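Here is protein.tsv, consisting of TSV, C-alpha atoms:
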chain	number	residue	atom	x	y	z
A	1	MET	CA	109.33	162.37	59.48
A	2	LYS	CA	107.47	163.92	62.42
A	3	LYS	CA	105.34	161.99	64.81
A	4	ILE	CA	101.92	163.61	64.93
A	5	THR	CA	99.02	163.26	67.32
A	6	TRP	CA	95.48	163.31	65.93
A	7	VAL	CA	92.40	163.79	68.04
A	8	LEU	CA	88.96	163.40	66.49
A	9	PHE	CA	86.19	164.89	68.57
A	10	SER	CA	82.46	165.03	68.27
A	11	ALA	CA	80.19	167.09	70.46
A	12	LEU	CA	76.49	166.62	69.90
A	13	LEU	CA	77.39	165.17	66.51
A	14	TRP	CA	77.11	162.42	63.86
A	15	ILE	CA	80.07	162.16	61.46
A	16	MET	CA	82.26	160.43	58.72
A	17	PRO	CA	84.08	157.90	54.83
A	18	ILE	CA	62.81	157.86	47.72
A	19	SER	CA	65.49	156.25	49.95
A	20	ALA	CA	63.89	154.42	52.78
A	21	GLN	CA	67.17	152.57	53.22
A	22	GLN	CA	69.38	153.45	56.16
A	23	VAL	CA	73.11	153.27	56.61
A	24	SER	CA	74.24	150.19	58.50
A	25	ILE	CA	76.06	150.95	61.78
A	26	VAL	CA	78.01	148.43	63.86
A	27	ASP	CA	78.95	149.40	67.42
A	28	SER	CA	81.08	146.38	68.36
A	29	PHE	CA	84.46	147.69	67.15
A	30	ASN	CA	86.89	149.20	69.63
A	31	ALA	CA	88.79	152.42	68.94
A	32	GLN	CA	91.91	150.61	67.77
A	33	GLN	CA	89.99	148.53	65.23
A	34	LEU	CA	88.17	151.59	63.90
A	35	VAL	CA	91.35	153.59	63.34
A	36	GLU	CA	93.59	150.82	62.02
A	37	ASP	CA	91.01	149.13	59.79
A	38	ASN	CA	88.61	151.89	58.75
A	39	LEU	CA	90.22	155.32	59.00
A	40	VAL	CA	93.87	155.37	58.00
A	41	GLU	CA	95.14	154.35	54.55
A	42	GLY	CA	98.60	154.33	53.02
A	43	CYS	CA	102.05	154.08	54.59
A	44	VAL	CA	101.18	155.27	58.08
A	45	GLU	CA	102.44	153.98	61.42
A	46	ILE	CA	99.77	154.22	64.13
A	47	SER	CA	100.20	153.99	67.91
A	48	ASN	CA	98.65	155.03	71.23
A	49	ILE	CA	95.03	154.72	70.08
A	50	SER	CA	92.50	155.58	72.78
A	51	SER	CA	89.08	157.07	73.42
A	52	PRO	CA	89.32	159.23	76.56
A	53	VAL	CA	85.67	160.30	76.49
A	54	ASN	CA	82.66	158.50	74.98
A	55	GLY	CA	79.20	157.17	75.71
A	56	ASN	CA	80.31	154.20	77.78
A	57	VAL	CA	79.72	156.36	80.83
A	58	ASN	CA	76.00	156.10	80.03
A	59	GLY	CA	76.11	152.43	79.08
A	60	PHE	CA	76.28	152.45	75.27
A	61	ALA	CA	78.75	152.84	72.42
A	62	SER	CA	78.98	156.30	70.88
A	63	TYR	CA	81.39	155.40	68.08
A	64	GLY	CA	81.23	152.71	65.43
A	65	TYR	CA	81.69	151.58	61.85
A	66	PHE	CA	79.18	152.30	59.10
A	67	GLU	CA	78.47	151.13	55.57
A	68	ARG	CA	76.22	152.78	53.00
A	69	ALA	CA	74.30	149.50	52.56
A	70	GLY	CA	71.27	150.14	50.30
A	71	SER	CA	71.03	153.85	51.09
A	72	ASN	CA	72.10	156.93	49.13
A	73	PHE	CA	74.59	158.12	51.76
A	74	PRO	CA	77.52	159.91	50.06
A	75	PHE	CA	80.26	157.79	51.70
A	76	GLU	CA	80.57	154.08	51.08
A	77	SER	CA	81.91	153.31	54.56
A	78	GLY	CA	83.76	154.87	57.46
A	79	ILE	CA	83.51	155.63	61.16
A	80	VAL	CA	80.86	157.45	63.16
A	81	LEU	CA	81.41	159.57	66.25
A	82	SER	CA	78.15	160.36	67.99
A	83	THR	CA	76.78	162.19	71.02
A	84	GLY	CA	74.32	159.41	71.70
A	85	ASN	CA	73.95	155.71	71.03
A	86	VAL	CA	75.77	155.38	67.71
A	87	SER	CA	73.38	152.67	66.48
A	88	SER	CA	70.48	155.14	66.64
A	89	GLY	CA	71.94	157.09	63.72
A	90	GLY	CA	70.87	154.47	61.19
A	91	ASN	CA	69.97	150.78	60.76
A	92	VAL	CA	66.20	151.36	60.95
A	93	ILE	CA	64.05	154.43	60.42
A	94	ASN	CA	63.48	156.29	63.68
A	95	GLY	CA	61.43	159.48	63.64
A	96	ALA	CA	61.82	160.11	67.37
A	97	ILE	CA	64.19	162.78	68.68
A	98	LEU	CA	67.66	161.31	69.19
A	99	ASN	CA	68.53	162.49	72.67
A	100	GLU	CA	70.45	159.74	74.45
A	101	GLY	CA	73.08	160.68	76.96
A	102	GLU	CA	73.05	162.25	80.42
A	103	LEU	CA	74.81	165.34	81.74
A	104	ASN	CA	77.36	163.19	83.59
A	105	TRP	CA	78.73	162.29	80.14
A	106	GLY	CA	80.89	165.34	79.85
A	107	THR	CA	83.09	167.25	77.44
A	108	ASP	CA	86.76	167.97	76.82
A	109	SER	CA	88.53	171.30	77.23
A	110	ASP	CA	90.47	170.89	73.96
A	111	LEU	CA	87.22	170.39	72.08
A	112	GLU	CA	85.63	173.47	73.59
A	113	ALA	CA	88.68	175.56	72.80
A	114	ALA	CA	88.76	174.34	69.19
A	115	THR	CA	85.07	174.91	68.50
A	116	GLY	CA	84.77	178.13	70.49
A	117	VAL	CA	81.70	176.74	72.25
A	118	ASN	CA	81.55	176.39	76.03
A	119	ASN	CA	79.46	174.16	78.28
A	120	LEU	CA	79.34	171.27	75.83
A	121	PHE	CA	78.47	167.74	76.90
A	122	ASN	CA	78.15	164.26	75.39
A	123	ALA	CA	81.52	164.42	73.64
A	124	THR	CA	83.15	161.49	71.88
A	125	ALA	CA	86.88	161.50	71.14
A	126	ILE	CA	89.29	159.11	69.47
A	127	GLN	CA	92.96	160.00	69.58
A	128	PHE	CA	96.17	158.44	68.29
A	129	ASP	CA	99.74	159.15	67.22
A	130	PHE	CA	100.87	158.55	63.66
A	131	VAL	CA	103.98	158.75	61.51
A	132	SER	CA	103.46	159.19	57.76
A	133	VAL	CA	105.92	158.99	54.87
A	134	THR	CA	104.15	161.91	53.20
A	135	ASN	CA	103.86	165.54	54.32
A	136	GLN	CA	100.13	165.82	53.63
A	137	ILE	CA	97.01	164.39	55.24
A	138	GLN	CA	93.43	164.35	54.00
A	139	PHE	CA	90.12	163.18	55.38
A	140	ASN	CA	86.47	163.40	54.34
A	141	TYR	CA	83.69	163.97	56.83
A	142	ILE	CA	80.06	164.97	57.16
A	143	LEU	CA	78.46	166.62	60.18
A	144	ALA	CA	74.88	165.46	60.74
A	145	SER	CA	72.80	166.60	63.67
A	146	GLU	CA	69.41	166.71	65.37
A	147	GLU	CA	70.11	170.39	66.02
A	148	TYR	CA	69.20	171.21	62.42
A	149	PHE	CA	65.57	171.19	63.56
A	150	ALA	CA	63.44	174.37	63.50
A	151	ASN	CA	65.42	177.40	64.78
A	152	PHE	CA	67.97	175.31	66.70
A	153	PRO	CA	70.93	176.35	64.47
A	154	CYS	CA	70.36	179.89	65.76
A	155	LEU	CA	70.59	178.70	69.38
A	156	TYR	CA	72.76	175.60	69.66
A	157	SER	CA	76.08	174.46	68.23
A	158	ASP	CA	76.61	170.79	67.57
A	159	GLY	CA	80.13	170.55	66.21
A	160	PHE	CA	83.13	168.56	65.14
A	161	ALA	CA	86.87	169.12	65.49
A	162	PHE	CA	89.85	167.32	63.96
A	163	LEU	CA	92.79	168.38	66.12
A	164	ILE	CA	96.43	167.86	65.20
A	165	ARG	CA	99.83	168.71	66.69
A	166	GLU	CA	103.33	167.28	66.85
A	167	ALA	CA	103.38	164.40	69.33
A	168	GLY	CA	105.29	164.88	72.56
A	169	THR	CA	104.92	168.66	72.49
A	170	ASN	CA	102.66	171.17	74.19
A	171	ASN	CA	102.10	173.05	70.95
A	172	PRO	CA	98.58	174.44	70.51
A	173	TRP	CA	96.15	172.09	68.84
A	174	GLN	CA	95.30	172.99	65.24
A	175	ASN	CA	91.74	172.26	64.17
A	176	ILE	CA	91.67	171.29	60.48
A	177	ALA	CA	87.89	170.75	60.37
A	178	LEU	CA	87.08	174.26	59.19
A	179	VAL	CA	84.62	175.87	56.80
A	180	PRO	CA	86.60	175.87	53.51
A	181	GLY	CA	88.58	179.06	52.95
A	182	THR	CA	88.02	180.31	56.51
A	183	THR	CA	89.20	179.80	60.07
A	184	VAL	CA	85.62	179.07	61.22
A	185	PRO	CA	85.00	175.73	62.99
A	186	VAL	CA	82.30	173.54	61.46
A	187	ASN	CA	79.13	173.29	63.56
A	188	THR	CA	75.38	173.67	63.18
A	189	SER	CA	75.60	177.41	63.89
A	190	THR	CA	78.26	178.09	61.25
A	191	VAL	CA	76.79	175.97	58.43
A	192	HIS	CA	73.03	176.25	57.87
A	193	ASP	CA	70.30	177.75	55.71
A	194	GLU	CA	68.50	180.96	56.60
A	195	ILE	CA	66.03	180.42	59.43
A	196	PRO	CA	63.38	183.04	58.57
A	197	GLY	CA	62.58	185.25	61.52
A	198	PHE	CA	65.44	183.90	63.61
A	199	CYS	CA	68.88	184.13	61.95
A	200	ALA	CA	70.59	184.61	58.60
A	201	ALA	CA	72.19	181.82	56.61
A	202	GLU	CA	75.78	180.89	57.45
A	203	ASN	CA	77.94	179.22	54.79
A	204	GLN	CA	74.81	177.68	53.35
A	205	GLN	CA	76.66	176.44	50.25
A	206	PHE	CA	78.07	173.72	52.50
A	207	PHE	CA	74.67	172.68	53.90
A	208	ASP	CA	73.32	169.58	52.17
A	209	GLY	CA	69.72	169.62	53.37
A	210	TYR	CA	67.15	168.34	55.84
A	211	ASN	CA	65.89	164.83	56.54
A	212	MET	CA	67.89	163.15	53.79
A	213	GLY	CA	66.44	159.74	54.64
A	214	ASP	CA	69.62	157.69	54.86
A	215	THR	CA	70.29	158.53	58.51
A	216	ASN	CA	67.98	159.48	61.38
A	217	PHE	CA	69.31	163.01	61.77
A	218	ASN	CA	67.45	166.22	60.90
A	219	GLY	CA	70.10	167.71	58.62
A	220	ARG	CA	73.72	167.61	57.54
A	221	THR	CA	76.59	169.40	55.88
A	222	GLU	CA	77.91	168.38	52.47
What do you get writing this file as structure tokens?
Amino acid sequence: MKKITWVLFSALLWIMPISAQQVSIVDSFNAQQLVEDNLVEGCVEISNISSPVNGNVNGFASYGYFERAGSNFPFESGIVLSTGNVSSGGNVINGAILNEGELNWGTDSDLEAATGVNNLFNATAIQFDFVSVTNQIQFNYILASEEYFANFPCLYSDGFAFLIREAGTNNPWQNIALVPGTTVPVNTSTVHDEIPGFCAAENQQFFDGYNMGDTNFNGRTE
């Protein structure tokens, strides 16, 4: 069995496990509690859990635990990695632009390399080592973003990366959060509808829609 390092990154992102109801988000869990209790299932040994970059630099939590509650959100529960105050993603309806976070809350070079997008900021990362008795891993996620507004998908790239490599090595990180059947990283520029007059659709079969009502974000992937 190999010991593997996982790194989950968000950069300008909400993620994953009539509806006026919102998902319920709790921001009081630390990274270890989120991973051990809400992310990993099965016979897996977890160690070295940390969050090297997150919203604490700006005075709020940018990761947390969510439950579907009374909403129609596709996942029953899971974790959220955000580029702002994680609680703003749900709990109560908020029609204002979600734009928390200052420029001093920076990025991570591994994230930029994986997504192919430079000059990112407001990144959130959770990383850990794991040993599994199986030779396969699987995870479900959704990318939701404020950058699905107007022509923003043609200009900006909110994204997500799930990086993996053998622990204790300097092997290149492998991003397994890709558009299915491609080597294209998932972000708001690579998964969106046509924006008439601005840019063509990109992998629109994986775009779920705008203003779904169960979170406070403008759009999301399936």
Exercise for the section: For atom CA of A:Ala125 and atom CA of A:Leu98, quote the distance in Å rounded to one decimal. Expected result: 19.3 Å
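Counting only C-alpha atoms and comparing A:Leu155, A:Val57, A:Ala144, A:Val92, the residue that lies closest to A:Thr221 is A:Ala144.
Atom CA of A:Ile137 sits 28.1 Å away from atom CA of A:Gly55.
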Exercise for the section: Excluding A:Ala61 and residues on its chain fewer than 2 positions from it, collect all residues at most 9 Å away from it, counting only C-alpha atoms, and give them as a PyMOL selection string. Expected result: chain A and resi 27-28+54-56+58-59+63-64+82+84-87
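Put simply, atom CA of A:Glu146 is 20.1 Å away from atom CA of A:Gly197.
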Exercise for the section: For stretch 172-181 of chain A, work out the shell of residues within 9 Å, counting all atoms listed in the file and skipping chain neighbours fewer than 5 positions away, then give it as a list in words. Expected result: Asp110, Ala114, Thr115, Tyr141, Phe160, Ala161, Phe162, Leu163, Ile164, Arg165, Glu166, Val186, Thr190, Val191, Asn203 and Phe206 of chain A
Handout entry: Counting all atoms listed in the file, the option among A:Pro52, A:Pro153, A:Pro196, A:Gly89 closest to A:Ala123
Key =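 The answer is A:Pro52, which sits nearest to A:Ala123.
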Problem - Among listed residues A:Glu112, A:Asp129, A:Glu147, A:Glu67, nearest A:Pro185 (using all atoms listed in the file) - result: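 Closest to A:Pro185 of all the choices is A:Glu112.
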Practice task
Find, counting all atoms listed in the file, the residue in A:Ala200, A:Thr188, A:Asp158, A:Phe149 that gets nearest to A:Asn119.
Solution key: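 Counting all atoms listed in the file, the residue closest to A:Asn119 is A:Asp158.
When all atoms listed in the file are used to measure the gap to A:Gly106, the shortest distance among A:Gly168, A:Ser145, A:Thr182, A:Val53 belongs to A:Val53.
In terms of minimum interatomic distance to A:Gln136, A:Val44 ranks closest within A:Val117, A:Ala96, A:Val44, A:Leu103, counting only C-alpha atoms.
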Problem - 10 Å contact set for A:Val40, all atoms listed in the file, chain neighbours under 5 positions out, as a PyMOL selection string - result: chain A and resi 34-35+45-46+130+137-139
Residues from last step as file, C-alpha atoms, as a PDB file, in the coordinates of the input:
ATOM      1  CA  LEU A  34      88.170 151.590  63.900  1.00  0.00           C
ATOM      2  CA  VAL A  35      91.350 153.590  63.340  1.00  0.00           C
ATOM      3  CA  GLU A  45     102.440 153.980  61.420  1.00  0.00           C
ATOM      4  CA  ILE A  46      99.770 154.220  64.130  1.00  0.00           C
ATOM      5  CA  PHE A 130     100.870 158.550  63.660  1.00  0.00           C
ATOM      6  CA  ILE A 137      97.010 164.390  55.240  1.00  0.00           C
ATOM      7  CA  GLN A 138      93.430 164.350  54.000  1.00  0.00           C
ATOM      8  CA  PHE A 139      90.120 163.180  55.380  1.00  0.00           C
TER       9      PHE A 139
END
Exercise for the section: Would you list the residues near (92.3, 156.5, 67.3) (no more than 7 Å away, in the coordinates of the file, using all atoms listed in the file) as a PyMOL selection string? Expected result: chain A and resi 31-32+35+49-51+126-128
Handout entry: Residue contacts of A:Leu39 (10 Å, all atoms listed in the file) excluding same-chain residues fewer than 4 positions away, as a list of chain:residue names
Key = A:Met16, A:Pro17, A:Gln33, A:Leu34, A:Val35, A:Tyr65, A:Ser77, A:Gly78, A:Ile79, A:Phe139
